[in-house]
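Let me begin by presenting the structure, written as structure tokens, before commenting on it.
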Amino acid sequence: MRQLLLGTMMMFLAGCQLLDKVALHPTGDGSQTCDIDDAQVIEWLNFEHRYVSSTLDTKRRLLIDAEKRQQRILHALLLSTPGQSQEQLKRALEYLSTVDLNSSCTASQYIRLRTRQLQLQLGLLDQNQSLKQQVNELQRQVDALTDLERQITRQREEH
């Protein structure tokens with residue numbers, strides 16, 4: 001009886017260890033390594049914060065510095081910060097889309113989320129541009145109808 005209880009406990013503990021490994025590495029067997037560690041992600045976030053809170057001149061220098069150091073991911077993250085042009089956002093999305101991602105790494109999850117955010121942001125900008133064009137076309141039509149109404153009113157007054 002004692003051996004059966006001991007065997008059951010050993011199987012239970014082995015199962016718990018297996019569950020822990022699955023929880024820590026949900027997509028693999030635990031042998032995958034991350035090319036980018038969490039400290040690097042924190043460094044990116046700090047650099048982004050510094051960038052966002054800087055003057056225009058400092059922002060320009062930080063962008064140039066990130067590009068010179070060939071930190072493509074950091075450069076893309078800076079290009080995707082609030083206030084950037086649509087062209088810069090597209091370039092950032094292009095850069096981030098080329099990154100090889102390991103699904104179990106924090107950095108990969110962060111890059112995947114930023115990529116998705118950029119996709120959504122660019123989609124909204126495209127929608128906004130389309131709506132502006134529609135508003136401009138409708139305004140042009142209203143102006144044309146107003147001019148036509150004025151001409152008709154003027155013709156009635158003359159006759």
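A note on labels: chains of the structure tokens are A, B, ... as shown, every chain counts residues from 1, and ligands are counted from 1 in their shown order.
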Please list as a short mmCIF file (atom, residue, chain, number, x, y, z; two decimals) with C-alpha atoms, in the first residue's frame every residue within 9 Å of Ser108 of chain A, counting only C-alpha atoms and excluding residues in the same chain fewer than 5 positions away.
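Once everything was written out, this is part.cif:
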```cif
data_model
loop_
_atom_site.label_atom_id
_atom_site.label_comp_id
_atom_site.auth_asym_id
_atom_site.auth_seq_id
_atom_site.Cartn_x
_atom_site.Cartn_y
_atom_site.Cartn_z
CA CYS A 34 15.06 34.05 -27.16
CA ILE A 36 16.24 39.24 -27.45
CA VAL A 99 11.60 40.50 -37.77
CA ASP A 100 11.90 36.76 -37.11
CA LEU A 101 9.71 36.14 -34.08
CA ASN A 102 9.94 33.39 -31.47
CA SER A 103 6.41 33.07 -30.11
CA LEU A 113 1.61 43.75 -30.62
#
```
Shell around segment 85-92 of chain A at 9 Å using only C-alpha atoms, local window under 5 positions removed, as a PyMOL selection string:
chain A and resi 73+75-80+97+115+118-119+121-122+125
Hey, can you check how far atom CA of Glu157 of chain A sits from atom CA of Val142 of chain A?
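Computed distance, atom CA of Glu157 of chain A to atom CA of Val142 of chain A, equals 22.4 Å.
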